Amino acid sequence: MDYSSKQFEKLYKDSYKQMYRLAYSVLEDSEEARDAVSQVFTQIWRTKPQISDTSVNGYLLVATRNQSLHILQQRKLRLEMEKELRDEREEIESNEKEELMSELKKVIEKNLTEQDKRVLNLHYDEELTYGETAQVLGISMAAVNKHITQSLAKIRQNLKIAK
């Protein structure tokens with residue numbers, strides 16, 4: 001095969017569409033298909049392999065298929081790595097959340113009155129409104145507000161969370 005600029009440009013123009021279709025059929029992504037074809041031509045231009053004129057088309061198609069399969073493998077590895085990183089992050093976040101919840105329970109147990117605990121439980125765990133919480137406990141809504149406000153202040157202070 002002749003590697004003059006004109007011959008190489010002609011080879012590119014004559015073969016690009018067929019190579020692109022092959023790459024696209026493997027990759028199902030137009031940008032990656034274009035990259036695969038470009039990488040094949042770049043590699044051929046750099047290495048200038050000795051290919052007979054009758055074998056060039058087959059060589060290009062095999063090289064395109066191989067490059068496309070390589071890109072698929074890289075994609076798969078990237079997705080696996082992203083999943084592993086995401087799983088690790090979720091595990092770390094879960095552990096941190098568990099530690100924080102454990103610390104929160106200790107602070108609540110140690111620093112809040114039984115009434116404070118009941119108010120917080122009804123409002124946050126049972127998701128009752130101030131009015132519903134007041135009605136269940138037989139206290140005023142202002143008392144519910146006072147218990148919640150003071151309880152949260154004690155929790156923040158003991159957990160050293162900035163207000």
# chains A, B, ... in the order shown; residues from 1 in each chain; ligands from 1
call {"tool": "select_by_dssp", "arguments": {"residues": "chain A", "states": "alpha helix (DSSP H)", "output": "ChimeraX atom specification"}}
result
/A:5-27,30-47,56-111,114-120,130-137,141-159
call {"tool": "residues_around", "arguments": {"residues": "Arg118 in chain A", "least_positions_apart": "3", "cutoff": "12 Å", "atoms": "only C-alpha atoms", "output": "list in words"}}
result
Ile108, Glu109, Leu112, Thr113, Glu114, Gln115, Asn121, Leu122, His123, Tyr124, Asp125, Glu126, Leu128, Thr133, Ala134, Val136, Leu137, Gly138, Ile139, Val144, His147, Ile148 and Ser151 of chain A
call {"tool": "closest_residue", "arguments": {"among": "A:Gln18, A:Gln39, A:Thr129, A:Ser140", "to": "Ile71 in chain A", "atoms": "only C-alpha atoms"}}
result
A:Gln39
call {"tool": "closest_residue", "arguments": {"among": "A:Tyr24, A:Ser30, A:Leu79, A:Thr47", "to": "Thr64 in chain A", "atoms": "only C-alpha atoms"}}
result
A:Tyr24
call {"tool": "closest_residue", "arguments": {"among": "A:Ala63, A:Met1, A:Leu11, A:Ala33", "to": "Lys48 in chain A", "atoms": "only C-alpha atoms"}}
result
A:Met1
call {"tool": "atom_distance", "arguments": {"atom1": "CA of Ala36 in chain A", "atom2": "CA of Tyr59 in chain A"}}
result
14.3 Å
call {"tool": "closest_residue", "arguments": {"among": "A:Gln150, A:Ser55, A:Asn111, A:Asn145", "to": "Gly131 in chain A", "atoms": "only C-alpha atoms"}}
result
A:Asn145
call {"tool": "closest_residue", "arguments": {"among": "A:Val26, A:Ala142, A:Leu152, A:Val40", "to": "Tyr130 in chain A", "atoms": "only C-alpha atoms"}}
result
A:Ala142
